[in-house]
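my_file_28.txt (compact mmCIF, C-alpha atoms)
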```txt
# COMPACT_ATOMS: atom_id res chain seq x y z
CA MET A 1 -1.51 -26.12 26.16
CA GLY A 2 -0.48 -22.55 25.38
CA PHE A 3 -2.95 -19.70 25.71
CA LEU A 4 -2.13 -17.92 22.43
CA SER A 5 -3.00 -19.47 19.10
CA GLU A 6 -0.50 -21.19 16.84
CA ALA A 7 -1.75 -18.97 14.01
CA LEU A 8 -0.66 -15.83 15.86
CA GLY A 9 2.77 -17.35 16.34
CA ARG A 10 3.20 -17.43 12.56
CA VAL A 11 2.83 -13.65 12.32
CA ALA A 12 5.47 -10.98 12.93
CA PRO A 13 4.49 -7.54 14.28
CA SER A 14 4.42 -4.68 11.80
CA ALA A 15 7.86 -3.08 11.53
CA THR A 16 6.39 0.18 10.22
CA VAL A 17 4.08 0.45 13.22
CA ALA A 18 6.91 -0.44 15.63
CA ILE A 19 9.28 2.23 14.32
CA SER A 20 6.51 4.84 14.18
CA GLN A 21 5.67 4.03 17.79
CA LYS A 22 9.34 4.38 18.84
CA ALA A 23 9.46 7.75 17.10
CA ARG A 24 6.32 8.87 18.97
CA VAL A 25 7.86 7.81 22.30
CA MET A 26 11.04 9.75 21.54
CA ALA A 27 8.99 12.80 20.55
CA ALA A 28 7.03 12.56 23.81
CA GLU A 29 10.36 12.61 25.63
CA GLY A 30 11.04 15.98 24.07
CA LYS A 31 13.36 14.90 21.24
CA ASP A 32 13.19 16.60 17.86
CA ILE A 33 11.75 13.87 15.63
CA ILE A 34 10.88 13.93 11.94
CA ALA A 35 8.77 10.82 11.36
CA LEU A 36 8.89 9.66 7.74
CA SER A 37 8.12 6.04 8.59
CA ALA A 38 4.34 5.97 8.08
CA GLY A 39 2.45 6.04 4.79
CA GLU A 40 -0.19 8.69 5.32
CA PRO A 41 -1.02 11.81 3.27
CA ASP A 42 -0.39 15.00 5.20
CA PHE A 43 -3.36 16.78 3.59
CA ASN A 44 -6.70 17.20 5.34
CA THR A 45 -9.72 15.24 4.16
CA PRO A 46 -11.45 17.55 1.63
CA GLU A 47 -14.10 19.81 3.11
CA HIS A 48 -16.94 18.54 0.91
CA VAL A 49 -16.24 14.99 2.14
CA ARG A 50 -16.24 16.09 5.78
CA ASP A 51 -19.49 17.96 5.17
CA ALA A 52 -21.08 14.79 3.79
CA ALA A 53 -20.16 12.96 7.00
CA LYS A 54 -21.72 15.71 9.09
CA ARG A 55 -24.92 15.53 7.02
CA ALA A 56 -25.05 11.78 7.50
CA MET A 57 -24.86 12.19 11.27
CA ASP A 58 -27.44 14.98 11.28
CA GLU A 59 -29.78 12.82 9.18
CA GLY A 60 -29.46 9.88 11.54
CA LYS A 61 -27.52 7.63 9.17
CA THR A 62 -25.73 6.07 12.12
CA ARG A 63 -27.13 2.53 12.19
CA TYR A 64 -26.04 -0.83 10.83
CA THR A 65 -25.80 -1.09 7.06
CA ASN A 66 -25.66 -4.01 4.65
CA VAL A 67 -22.58 -6.09 5.38
CA ASP A 68 -21.02 -5.37 1.97
CA GLY A 69 -21.83 -1.65 2.00
CA ILE A 70 -24.68 0.78 1.45
CA ALA A 71 -26.21 0.66 -2.02
CA GLU A 72 -25.20 4.26 -2.73
CA LEU A 73 -21.53 3.55 -2.06
CA LYS A 74 -21.50 0.34 -4.07
CA GLU A 75 -23.03 2.28 -6.98
CA ALA A 76 -20.33 4.93 -6.59
CA VAL A 77 -17.61 2.26 -6.49
CA ALA A 78 -18.95 0.60 -9.65
CA ALA A 79 -19.11 3.98 -11.40
CA LYS A 80 -15.51 4.68 -10.37
CA PHE A 81 -14.29 1.36 -11.77
CA ARG A 82 -16.12 2.02 -15.06
CA ARG A 83 -14.97 5.64 -15.30
CA ASP A 84 -11.35 5.32 -14.24
CA ASN A 85 -10.41 1.73 -15.01
CA GLY A 86 -12.59 0.61 -17.91
CA LEU A 87 -14.02 -2.29 -15.89
CA GLU A 88 -17.61 -3.02 -16.86
CA VAL A 89 -19.03 -3.80 -13.44
CA THR A 90 -22.23 -3.07 -11.54
CA ALA A 91 -22.88 -2.48 -7.85
CA ALA A 92 -23.56 -6.21 -7.49
CA ASP A 93 -19.91 -6.83 -8.43
CA CYS A 94 -18.58 -4.57 -5.67
CA PHE A 95 -17.84 -4.86 -1.95
CA VAL A 96 -16.98 -2.40 0.84
CA GLY A 97 -14.91 -3.11 3.95
CA SER A 98 -13.23 -1.29 6.82
CA GLY A 99 -10.13 -0.27 4.89
CA GLY A 100 -8.12 -1.92 2.15
CA LYS A 101 -6.42 -4.23 4.64
CA GLN A 102 -9.74 -5.80 5.58
CA ILE A 103 -10.53 -6.40 1.91
CA ILE A 104 -7.22 -8.27 1.52
CA PHE A 105 -7.70 -10.15 4.77
CA ASN A 106 -11.26 -11.17 3.84
CA ALA A 107 -10.24 -12.39 0.40
CA LEU A 108 -7.30 -14.47 1.62
CA LEU A 109 -8.99 -15.90 4.71
CA ALA A 110 -12.03 -16.86 2.61
CA THR A 111 -9.93 -18.79 0.06
CA LEU A 112 -6.66 -20.10 1.53
CA ASN A 113 -6.03 -23.53 3.00
CA PRO A 114 -2.88 -25.13 4.46
CA GLY A 115 -0.58 -26.05 1.60
CA ASP A 116 -1.75 -23.22 -0.65
CA GLU A 117 0.83 -20.75 -1.93
CA VAL A 118 0.63 -17.04 -2.64
CA VAL A 119 3.18 -15.34 -4.87
CA VAL A 120 4.34 -12.12 -3.21
CA PRO A 121 6.75 -9.86 -5.14
CA VAL A 122 9.73 -8.60 -3.12
CA PRO A 123 9.95 -5.93 -1.80
CA TYR A 124 6.42 -6.12 -0.41
CA TRP A 125 4.08 -4.21 1.87
CA VAL A 126 4.76 -5.68 5.31
CA SER A 127 1.24 -7.10 5.82
CA TYR A 128 1.00 -9.29 2.70
CA PRO A 129 3.11 -12.26 3.84
CA GLU A 130 1.85 -12.04 7.42
CA ILE A 131 -1.81 -12.23 6.35
CA VAL A 132 -0.95 -15.21 4.13
CA ARG A 133 0.75 -16.98 7.04
CA LEU A 134 -2.10 -16.17 9.42
CA CYS A 135 -4.41 -17.93 6.95
CA GLY A 136 -2.24 -21.05 7.15
CA ALA A 137 -0.80 -20.74 3.64
CA GLU A 138 2.74 -20.05 2.45
CA PRO A 139 4.05 -16.86 0.81
CA VAL A 140 6.36 -17.56 -2.13
CA PHE A 141 8.67 -14.63 -2.73
CA ALA A 142 9.53 -13.46 -6.25
CA VAL A 143 12.34 -10.93 -6.11
CA ALA A 144 11.88 -7.67 -8.01
CA ASP A 145 14.94 -5.66 -7.02
CA ALA A 146 16.52 -2.45 -8.31
CA SER A 147 17.84 -4.22 -11.42
CA SER A 148 14.26 -4.46 -12.73
CA GLY A 149 13.14 -1.13 -11.28
CA PHE A 150 11.55 -3.05 -8.41
CA LYS A 151 9.04 -4.58 -10.83
CA LEU A 152 8.18 -8.25 -11.14
CA THR A 153 9.32 -9.68 -14.47
CA PRO A 154 7.37 -12.33 -16.39
CA GLU A 155 10.31 -14.70 -15.92
CA ALA A 156 10.36 -14.28 -12.14
CA LEU A 157 6.59 -14.73 -11.99
CA GLU A 158 6.72 -17.90 -14.08
CA ALA A 159 9.42 -19.35 -11.83
CA ALA A 160 7.39 -18.66 -8.68
CA ILE A 161 4.15 -20.34 -9.81
CA SER A 162 3.50 -23.95 -8.84
CA GLU A 163 0.51 -26.27 -8.77
CA GLN A 164 -0.15 -25.03 -5.23
CA THR A 165 -0.29 -21.34 -6.21
CA LYS A 166 -3.70 -19.85 -5.49
CA TRP A 167 -3.00 -16.10 -5.63
CA LEU A 168 -0.60 -13.52 -6.97
CA ILE A 169 -0.59 -10.26 -4.99
CA LEU A 170 0.28 -7.30 -7.19
CA ASN A 171 0.65 -3.78 -5.82
CA THR A 172 0.97 -0.85 -8.24
CA PRO A 173 2.11 1.82 -7.57
CA SER A 174 4.10 0.00 -4.94
CA ASN A 175 4.56 0.36 -1.24
CA PRO A 176 7.52 0.49 -0.43
CA THR A 177 9.24 1.38 -3.72
CA GLY A 178 6.85 3.61 -5.66
CA ALA A 179 7.31 1.42 -8.74
CA ALA A 180 4.31 1.68 -11.09
CA TYR A 181 3.68 -0.89 -13.81
CA SER A 182 2.86 0.35 -17.29
CA ALA A 183 0.12 -1.28 -19.33
CA GLU A 184 2.78 -3.04 -21.40
CA GLU A 185 4.50 -4.40 -18.31
CA LEU A 186 1.18 -5.69 -16.99
CA LYS A 187 0.48 -7.36 -20.33
CA GLY A 188 3.72 -9.30 -19.93
CA LEU A 189 2.60 -10.57 -16.53
CA ALA A 190 -0.89 -11.26 -17.85
CA ALA A 191 0.54 -13.49 -20.59
CA VAL A 192 2.10 -15.68 -17.88
CA LEU A 193 -1.10 -15.76 -15.85
CA MET A 194 -3.14 -16.77 -18.89
CA ARG A 195 -1.06 -19.95 -18.99
CA HIS A 196 -1.94 -20.75 -15.36
CA PRO A 197 -5.73 -20.61 -15.01
CA HIS A 198 -5.62 -21.85 -11.39
CA VAL A 199 -3.92 -18.62 -10.23
CA HIS A 200 -6.10 -15.74 -9.02
CA ILE A 201 -4.85 -12.15 -8.89
CA LEU A 202 -5.29 -9.72 -6.02
CA THR A 203 -4.28 -6.29 -7.29
CA ASP A 204 -3.82 -3.59 -4.67
CA ASP A 205 -4.39 -0.27 -6.46
CA ILE A 206 -4.61 1.91 -3.34
CA TYR A 207 -2.06 4.45 -4.73
CA GLU A 208 -3.76 4.67 -8.14
CA VAL A 209 -4.08 8.46 -8.25
CA LEU A 210 -0.37 8.99 -7.51
CA VAL A 211 1.35 8.24 -10.82
CA TYR A 212 3.85 10.88 -11.96
CA ASP A 213 5.52 12.40 -15.00
CA GLY A 214 2.33 12.34 -17.07
CA LYS A 215 2.14 8.56 -17.06
CA ARG A 216 -1.20 6.73 -16.95
CA PHE A 217 -2.26 4.24 -14.32
CA ALA A 218 -3.24 0.75 -15.48
CA THR A 219 -4.67 -2.25 -13.66
CA ILE A 220 -4.30 -5.83 -14.80
CA ALA A 221 -7.99 -6.68 -15.43
CA GLN A 222 -8.12 -3.58 -17.62
CA VAL A 223 -5.20 -4.56 -19.85
CA GLU A 224 -6.26 -8.23 -20.05
CA PRO A 225 -10.07 -8.46 -19.71
CA GLU A 226 -9.96 -12.27 -19.79
CA LEU A 227 -8.37 -12.15 -16.34
CA GLN A 228 -11.23 -10.16 -14.80
CA ALA A 229 -13.11 -13.34 -13.84
CA ARG A 230 -10.27 -14.32 -11.49
CA THR A 231 -9.07 -10.89 -10.36
CA LEU A 232 -9.95 -9.04 -7.19
CA THR A 233 -9.28 -5.35 -7.87
CA MET A 234 -8.90 -3.55 -4.53
CA ASN A 235 -8.80 0.18 -3.86
CA GLY A 236 -9.91 2.69 -1.24
CA VAL A 237 -10.15 6.33 -0.26
CA SER A 238 -7.33 6.35 2.32
CA LYS A 239 -4.47 7.53 0.12
CA SER A 240 -6.43 9.19 -2.69
CA HIS A 241 -8.67 11.39 -0.53
CA ALA A 242 -6.54 11.62 2.66
CA MET A 243 -9.04 9.46 4.56
CA THR A 244 -6.75 6.97 6.32
CA GLY A 245 -8.67 7.18 9.59
CA TRP A 246 -12.09 6.80 7.98
CA ARG A 247 -11.32 3.13 7.18
CA ILE A 248 -13.03 2.55 3.84
CA GLY A 249 -11.71 0.08 1.30
CA TYR A 250 -13.58 -1.31 -1.69
CA CYS A 251 -13.15 -3.85 -4.43
CA THR A 252 -14.66 -5.60 -7.41
CA GLY A 253 -14.26 -9.26 -8.18
CA PRO A 254 -16.00 -12.54 -8.95
CA LYS A 255 -19.42 -12.81 -7.28
CA PRO A 256 -18.69 -16.16 -5.55
CA LEU A 257 -15.62 -14.62 -3.93
CA LEU A 258 -17.53 -11.52 -2.85
CA ALA A 259 -20.24 -13.74 -1.34
CA ALA A 260 -17.59 -15.59 0.67
CA MET A 261 -16.07 -12.32 1.83
CA THR A 262 -19.51 -11.07 2.86
CA LYS A 263 -20.08 -14.24 4.89
CA LEU A 264 -16.75 -13.76 6.64
CA GLN A 265 -17.27 -10.06 7.31
CA SER A 266 -20.74 -10.77 8.72
CA GLN A 267 -18.97 -12.64 11.52
CA SER A 268 -16.24 -10.04 12.11
CA THR A 269 -16.88 -6.31 11.77
CA THR A 270 -20.31 -6.65 10.09
CA ASN A 271 -20.25 -3.37 8.15
CA ALA A 272 -17.84 -0.50 7.72
CA SER A 273 -18.73 2.69 9.60
CA SER A 274 -22.00 4.06 8.22
CA ILE A 275 -20.77 7.66 8.52
CA SER A 276 -17.53 6.86 6.72
CA GLN A 277 -19.47 5.14 3.95
CA TRP A 278 -21.54 8.25 3.28
CA ALA A 279 -18.38 10.34 3.28
CA ALA A 280 -16.86 7.91 0.75
CA VAL A 281 -19.89 8.32 -1.52
CA GLU A 282 -19.10 12.02 -1.72
CA ALA A 283 -15.38 11.30 -2.12
CA LEU A 284 -16.00 9.14 -5.20
CA ASN A 285 -18.89 11.10 -6.72
CA GLY A 286 -17.89 14.64 -5.79
CA PRO A 287 -15.25 17.05 -7.17
CA GLN A 288 -11.95 15.37 -8.08
CA GLY A 289 -9.93 18.37 -9.26
CA PHE A 290 -7.82 18.54 -6.10
CA LEU A 291 -6.32 15.13 -6.89
CA ALA A 292 -4.17 16.59 -9.68
CA GLU A 293 -3.05 19.42 -7.39
CA TRP A 294 -2.03 16.98 -4.67
CA ARG A 295 -0.23 14.81 -7.23
CA ASP A 296 1.82 17.80 -8.39
CA VAL A 297 2.80 18.54 -4.79
CA PHE A 298 3.89 14.94 -4.22
CA GLN A 299 5.86 14.85 -7.48
CA ALA A 300 7.76 17.99 -6.51
CA ARG A 301 8.52 16.47 -3.12
CA ARG A 302 9.71 13.27 -4.78
CA ASP A 303 12.10 15.19 -7.01
CA MET A 304 13.53 17.14 -4.09
CA VAL A 305 14.00 14.05 -1.92
CA VAL A 306 15.57 11.92 -4.66
CA ALA A 307 18.00 14.69 -5.59
CA GLY A 308 18.97 15.21 -1.94
CA LEU A 309 19.50 11.52 -1.21
CA ASN A 310 21.65 11.06 -4.30
CA ALA A 311 23.78 14.14 -3.55
CA ASN A 312 27.14 12.61 -2.57
CA THR A 313 25.67 10.62 0.33
CA GLY A 314 26.74 7.08 -0.56
CA LEU A 315 23.07 6.25 -1.05
CA ASP A 316 21.60 5.12 -4.37
CA CYS A 317 18.00 6.18 -4.94
CA LEU A 318 15.94 5.32 -8.02
CA VAL A 319 13.23 7.75 -9.14
CA PRO A 320 9.86 6.15 -8.30
CA GLU A 321 6.97 6.44 -10.75
CA GLY A 322 4.23 6.66 -8.13
CA ALA A 323 2.96 6.49 -4.53
CA PHE A 324 4.83 8.64 -1.96
CA TYR A 325 7.84 6.53 -1.06
CA VAL A 326 11.47 6.24 -2.08
CA PHE A 327 13.43 3.04 -1.44
CA PRO A 328 17.14 3.91 -1.58
CA SER A 329 20.01 1.48 -1.20
CA CYS A 330 22.36 2.07 1.72
CA GLN A 331 24.47 -0.94 0.77
CA ARG A 332 27.62 1.10 0.14
CA LEU A 333 27.53 2.42 3.72
CA LEU A 334 27.11 -0.91 5.49
CA GLY A 335 30.08 -2.36 7.31
CA LYS A 336 31.13 1.14 8.37
CA THR A 337 30.60 3.13 11.58
CA SER A 338 28.38 6.15 12.22
CA ALA A 339 29.66 9.37 13.78
CA GLY A 340 27.91 8.28 16.98
CA GLY A 341 29.91 5.06 17.07
CA THR A 342 27.28 2.60 15.84
CA LYS A 343 28.53 -0.23 13.65
CA LEU A 344 26.27 -0.29 10.59
CA GLY A 345 26.12 -3.99 9.87
CA THR A 346 22.58 -4.03 8.47
CA ASP A 347 19.98 -1.69 7.04
CA GLU A 348 18.18 -1.89 10.39
CA ASP A 349 21.35 -0.71 12.13
CA PHE A 350 21.43 2.18 9.64
CA VAL A 351 17.87 3.40 10.28
CA MET A 352 18.09 2.95 14.05
CA ALA A 353 21.36 4.88 14.24
CA LEU A 354 19.84 7.56 12.03
CA LEU A 355 16.86 7.83 14.38
CA GLU A 356 19.00 7.95 17.53
CA GLU A 357 21.58 10.39 16.16
CA THR A 358 19.42 12.70 14.00
CA GLY A 359 15.78 12.13 14.95
CA VAL A 360 14.74 11.05 11.43
CA ALA A 361 12.49 7.97 11.51
CA LEU A 362 12.60 5.66 8.47
CA VAL A 363 11.91 1.93 7.96
CA HIS A 364 14.63 -0.59 7.12
CA GLY A 365 14.37 -2.52 3.88
CA ALA A 366 14.50 -5.96 5.52
CA ALA A 367 11.00 -5.25 6.88
CA PHE A 368 9.83 -5.28 3.26
CA GLY A 369 11.85 -8.36 2.35
CA LEU A 370 14.82 -6.64 0.70
CA SER A 371 17.83 -5.89 2.88
CA GLY A 372 20.31 -3.13 2.14
CA HIS A 373 17.59 -0.52 1.57
CA PHE A 374 15.28 1.72 3.56
CA ARG A 375 11.89 3.33 2.95
CA LEU A 376 11.26 7.04 3.31
CA SER A 377 7.74 8.43 3.02
CA TYR A 378 7.62 11.91 1.51
CA ALA A 379 4.02 12.43 2.62
CA ALA A 380 5.18 15.29 4.83
CA SER A 381 5.56 19.04 4.58
CA ASN A 382 8.28 20.52 2.39
CA ALA A 383 9.94 22.04 5.44
CA GLU A 384 10.06 18.68 7.23
CA LEU A 385 11.41 16.93 4.14
CA GLU A 386 14.10 19.55 3.54
CA GLU A 387 15.26 19.29 7.15
CA ALA A 388 15.13 15.47 7.06
CA VAL A 389 17.21 15.31 3.88
CA LYS A 390 19.73 17.72 5.40
CA ARG A 391 20.04 15.52 8.51
CA ILE A 392 20.41 12.36 6.40
CA GLN A 393 23.14 14.03 4.35
CA GLN A 394 25.00 15.03 7.52
CA PHE A 395 24.58 11.55 8.99
CA CYS A 396 25.98 9.92 5.84
CA ALA A 397 28.85 12.38 5.71
CA GLY A 398 29.85 11.32 9.23
CA ILE A 399 30.03 7.60 8.42
CA ARG A 400 33.55 6.19 8.45
```

In structure tokens, write the structure found in this file.
Amino acid sequence: MGFLSEALGRVAPSATVAISQKARVMAAEGKDIIALSAGEPDFNTPEHVRDAAKRAMDEGKTRYTNVDGIAELKEAVAAKFRRDNGLEVTAADCFVGSGGKQIIFNALLATLNPGDEVVVPVPYWVSYPEIVRLCGAEPVFAVADASSGFKLTPEALEAAISEQTKWLILNTPSNPTGAAYSAEELKGLAAVLMRHPHVHILTDDIYEVLVYDGKRFATIAQVEPELQARTLTMNGVSKSHAMTGWRIGYCTGPKPLLAAMTKLQSQSTTNASSISQWAAVEALNGPQGFLAEWRDVFQARRDMVVAGLNANTGLDCLVPEGAFYVFPSCQRLLGKTSAGGTKLGTDEDFVMALLEETGVALVHGAAFGLSGHFRLSYAASNAELEEAVKRIQQFCAGIR
């Protein structure tokens, strides 16, 4: 009898965490590293949010809370969904967890059984298929490559659904590609889902506030209200309010599902941090004007990075509509050799040689289910991005 569980054996370690850790080790050894492998805003948490956390501590709000969140935060979450997404929900329809990942984990663990299937569009955030496998179910991959702008088409969705399908996971704007679905594109997917009433939808809207070029964000329960009864709409303050370390995610969904998630969370973390919850109340209810300013900064960074990566490098980089990632193809450079003598057989070879020879840390596309690409996060300072793009250009120029 082995000591470790069979369930753990079904799960691969996070490639993004592994590469970020390698970059940290190299930096600690004194090497000049530009880490663009993690997805984390480089802005500080807004001062009014930090002040709210300090007030909570000073007022002694440091004890256990309700498992599914303090009433004030659930009210703020419901108000946000009504205000920003047109979802007519109340606090009773909302749930708070320790980050968006816990929301996803709770929902899937509370509903999946062996033999169940979950449709996961490719490329995907690295944790989706691993959480599905940990729950004993099977991820079914529906490819959404560059030919469709990295967006799932109705045809690909239809082909992936079976009688065993329990969930579709939909992430917009997307990690790792930055692809953002328009309302019309979501309506096309919704039409397919309306024909399959046994399929539930988990929509990960964590990058909602980062949609560029004047386009509007849309979520699937908003464009097709009849799907709301089987949709879990997940969001959080990590990316929007630069609160990754505060660990607050939230969602709205069917009450029986939320009750199951509450039962599960009561036996795991109990409640999210009380101090972080009070900070999140201020984040959702307080001033929001800075969000547009941050979005403008990210859009300018996107434009600079895309232009630099497409500038006679052999890379092919689409312009993403949202989030803070680009997902270029390095396919034309594979099969060649870097200036440092590394044979670039795969996208992983490409990013590891880039890290060793230039100090720029990226994540290979195979980690997200689509080989021949890599992910670069432009949630970094302009100076770091300019230097990173310069090093990538020089690296590509040296490939023979």

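Here atom CA of A:Met234 and atom CA of A:Asp204 stand 5.1 Å from one another.
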
TODO: Pick out the closest residue to A:Val297 from this set: A:Ala144, A:Ala379, A:Met1, A:Ala7. Count all atoms listed in the file.
DONE: A:Ala379

Open item on the list: Show me, as a PyMOL selection string, the residues that have an atom within 12 Å of A:Ser14 when counting all atoms listed in the file, minus same-chain residues fewer than 6 positions from it.
Closed with: chain A and resi 20-21+37-38+125-131+363-364+366-368

Task: Non-local contacts of stretch 247-261 of chain A (8 Å; all atoms listed in the file; under 2 positions in same chain excluded) as a ChimeraX atom specification - done: /A:77-78,89,92-103,106-107,110,228-238,243-245,263-265,272-273,276-277,280

Neighbouring residues of A:Ile169 were defined as those with any atom within 8 Å, considering only C-alpha atoms; residues of the same chain fewer than 4 positions away were excluded. Please report them as a compact mmCIF listing (two decimals) with C-alpha atoms, keeping the file's coordinate frame.
```txt
# COMPACT_ATOMS: atom_id res chain seq x y z
CA VAL A 118 0.63 -17.04 -2.64
CA VAL A 119 3.18 -15.34 -4.87
CA VAL A 120 4.34 -12.12 -3.21
CA PRO A 121 6.75 -9.86 -5.14
CA TYR A 128 1.00 -9.29 2.70
CA ILE A 201 -4.85 -12.15 -8.89
CA LEU A 202 -5.29 -9.72 -6.02
CA THR A 203 -4.28 -6.29 -7.29
CA ASP A 204 -3.82 -3.59 -4.67
```

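Atom pair atom CA of A:Ser377 / atom CA of A:Gly30: separated by 22.6 Å.
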
Using all atoms listed in the file, tabulate the residues of stretch 127-219 of chain A lying at most 12 Å from any atom of stretch 316-338 of chain A, each with its closest atom pair and that distance in Å to one decimal, by chain and increasing residue number, as a Markdown table.
```
| residue | atom | partner | partner_atom | distance |
| --- | --- | --- | --- | --- |
| A:Asp145 | CA | A:Phe327 | CA | 10.4 |
| A:Ala146 | CA | A:Leu318 | CA | 7.8 |
| A:Ser147 | CA | A:Leu318 | CA | 10.3 |
| A:Ser148 | CA | A:Leu318 | CA | 11.0 |
| A:Gly149 | CA | A:Leu318 | CA | 7.8 |
| A:Phe150 | CA | A:Pro320 | CA | 9.4 |
| A:Lys151 | CA | A:Pro320 | CA | 11.1 |
| A:Asn171 | CA | A:Ala323 | CA | 10.6 |
| A:Thr172 | CA | A:Gly322 | CA | 8.2 |
| A:Pro173 | CA | A:Gly322 | CA | 5.3 |
| A:Ser174 | CA | A:Ala323 | CA | 6.6 |
| A:Asn175 | CA | A:Tyr325 | CA | 7.0 |
| A:Pro176 | CA | A:Tyr325 | CA | 6.1 |
| A:Thr177 | CA | A:Phe327 | CA | 5.1 |
| A:Gly178 | CA | A:Gly322 | CA | 4.7 |
| A:Ala179 | CA | A:Pro320 | CA | 5.4 |
| A:Ala180 | CA | A:Glu321 | CA | 5.5 |
| A:Tyr181 | CA | A:Glu321 | CA | 8.6 |
| A:Ser182 | CA | A:Glu321 | CA | 9.8 |
| A:Asp205 | CA | A:Ala323 | CA | 10.2 |
| A:Ile206 | CA | A:Ala323 | CA | 8.9 |
| A:Tyr207 | CA | A:Ala323 | CA | 5.4 |
| A:Glu208 | CA | A:Ala323 | CA | 7.8 |
| A:Val209 | CA | A:Ala323 | CA | 8.2 |
| A:Leu210 | CA | A:Ala323 | CA | 5.1 |
| A:Val211 | CA | A:Gly322 | CA | 4.2 |
| A:Tyr212 | CA | A:Glu321 | CA | 5.6 |
| A:Asp213 | CA | A:Glu321 | CA | 7.5 |
| A:Gly214 | CA | A:Glu321 | CA | 9.8 |
| A:Lys215 | CA | A:Glu321 | CA | 8.2 |
| A:Arg216 | CA | A:Glu321 | CA | 10.3 |
| A:Phe217 | CA | A:Gly322 | CA | 9.3 |
```

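Proximity ranking of A:Val281, A:Asn44, A:Arg295, A:Val25 relative to A:Ala71 places A:Val281 first, based on all atoms listed in the file.
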
Contacts of A:Glu184 at 10 Å (all atoms listed in the file; same-chain gap of 4+ positions) as a compact mmCIF listing (two decimals) with C-alpha atoms, in the coordinates of the input:
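What follows is the written file part34.txt:
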```
# COMPACT_ATOMS: atom_id res chain seq x y z
CA GLY A 188 3.72 -9.30 -19.93
CA LEU A 189 2.60 -10.57 -16.53
CA ALA A 190 -0.89 -11.26 -17.85
CA ALA A 218 -3.24 0.75 -15.48
CA VAL A 223 -5.20 -4.56 -19.85
```

Distance query A:Thr358 at most 9 Å, only C-alpha atoms, self and fewer than 5 positions along chain excluded, as a PDB file with C-alpha atoms, keeping the file's coordinate frame:
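What ended up in result.pdb:
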```
ATOM      1  CA  ASP A  32      13.190  16.600  17.860  1.00  0.00           C
ATOM      2  CA  ILE A  33      11.750  13.870  15.630  1.00  0.00           C
ATOM      3  CA  ILE A  34      10.880  13.930  11.940  1.00  0.00           C
ATOM      4  CA  ALA A 353      21.360   4.880  14.240  1.00  0.00           C
ATOM      5  CA  ALA A 388      15.130  15.470   7.060  1.00  0.00           C
ATOM      6  CA  ARG A 391      20.040  15.520   8.510  1.00  0.00           C
ATOM      7  CA  ILE A 392      20.410  12.360   6.400  1.00  0.00           C
ATOM      8  CA  GLN A 394      25.000  15.030   7.520  1.00  0.00           C
ATOM      9  CA  PHE A 395      24.580  11.550   8.990  1.00  0.00           C
TER      10      PHE A 395
END
```

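Closest approach to A:Leu109 among A:Val11, A:Ala300, A:Val140, A:Cys135: A:Cys135, based on all atoms listed in the file.
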
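Comparing the minimum interatomic distances between A:Gly115 and each of A:Glu72, A:Glu224, A:Glu386, A:Glu163, counting all atoms listed in the file, we find that A:Glu163 sits nearest.
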
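Picture a line from atom CA of A:Gly365 to atom CA of A:Leu134; it runs 22.1 Å.
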
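You can rank A:Ser240, A:Asn310, A:Asn66, A:Gln299 by their closest distance to A:Tyr378 using only C-alpha atoms, and at the top of that list sits A:Gln299.
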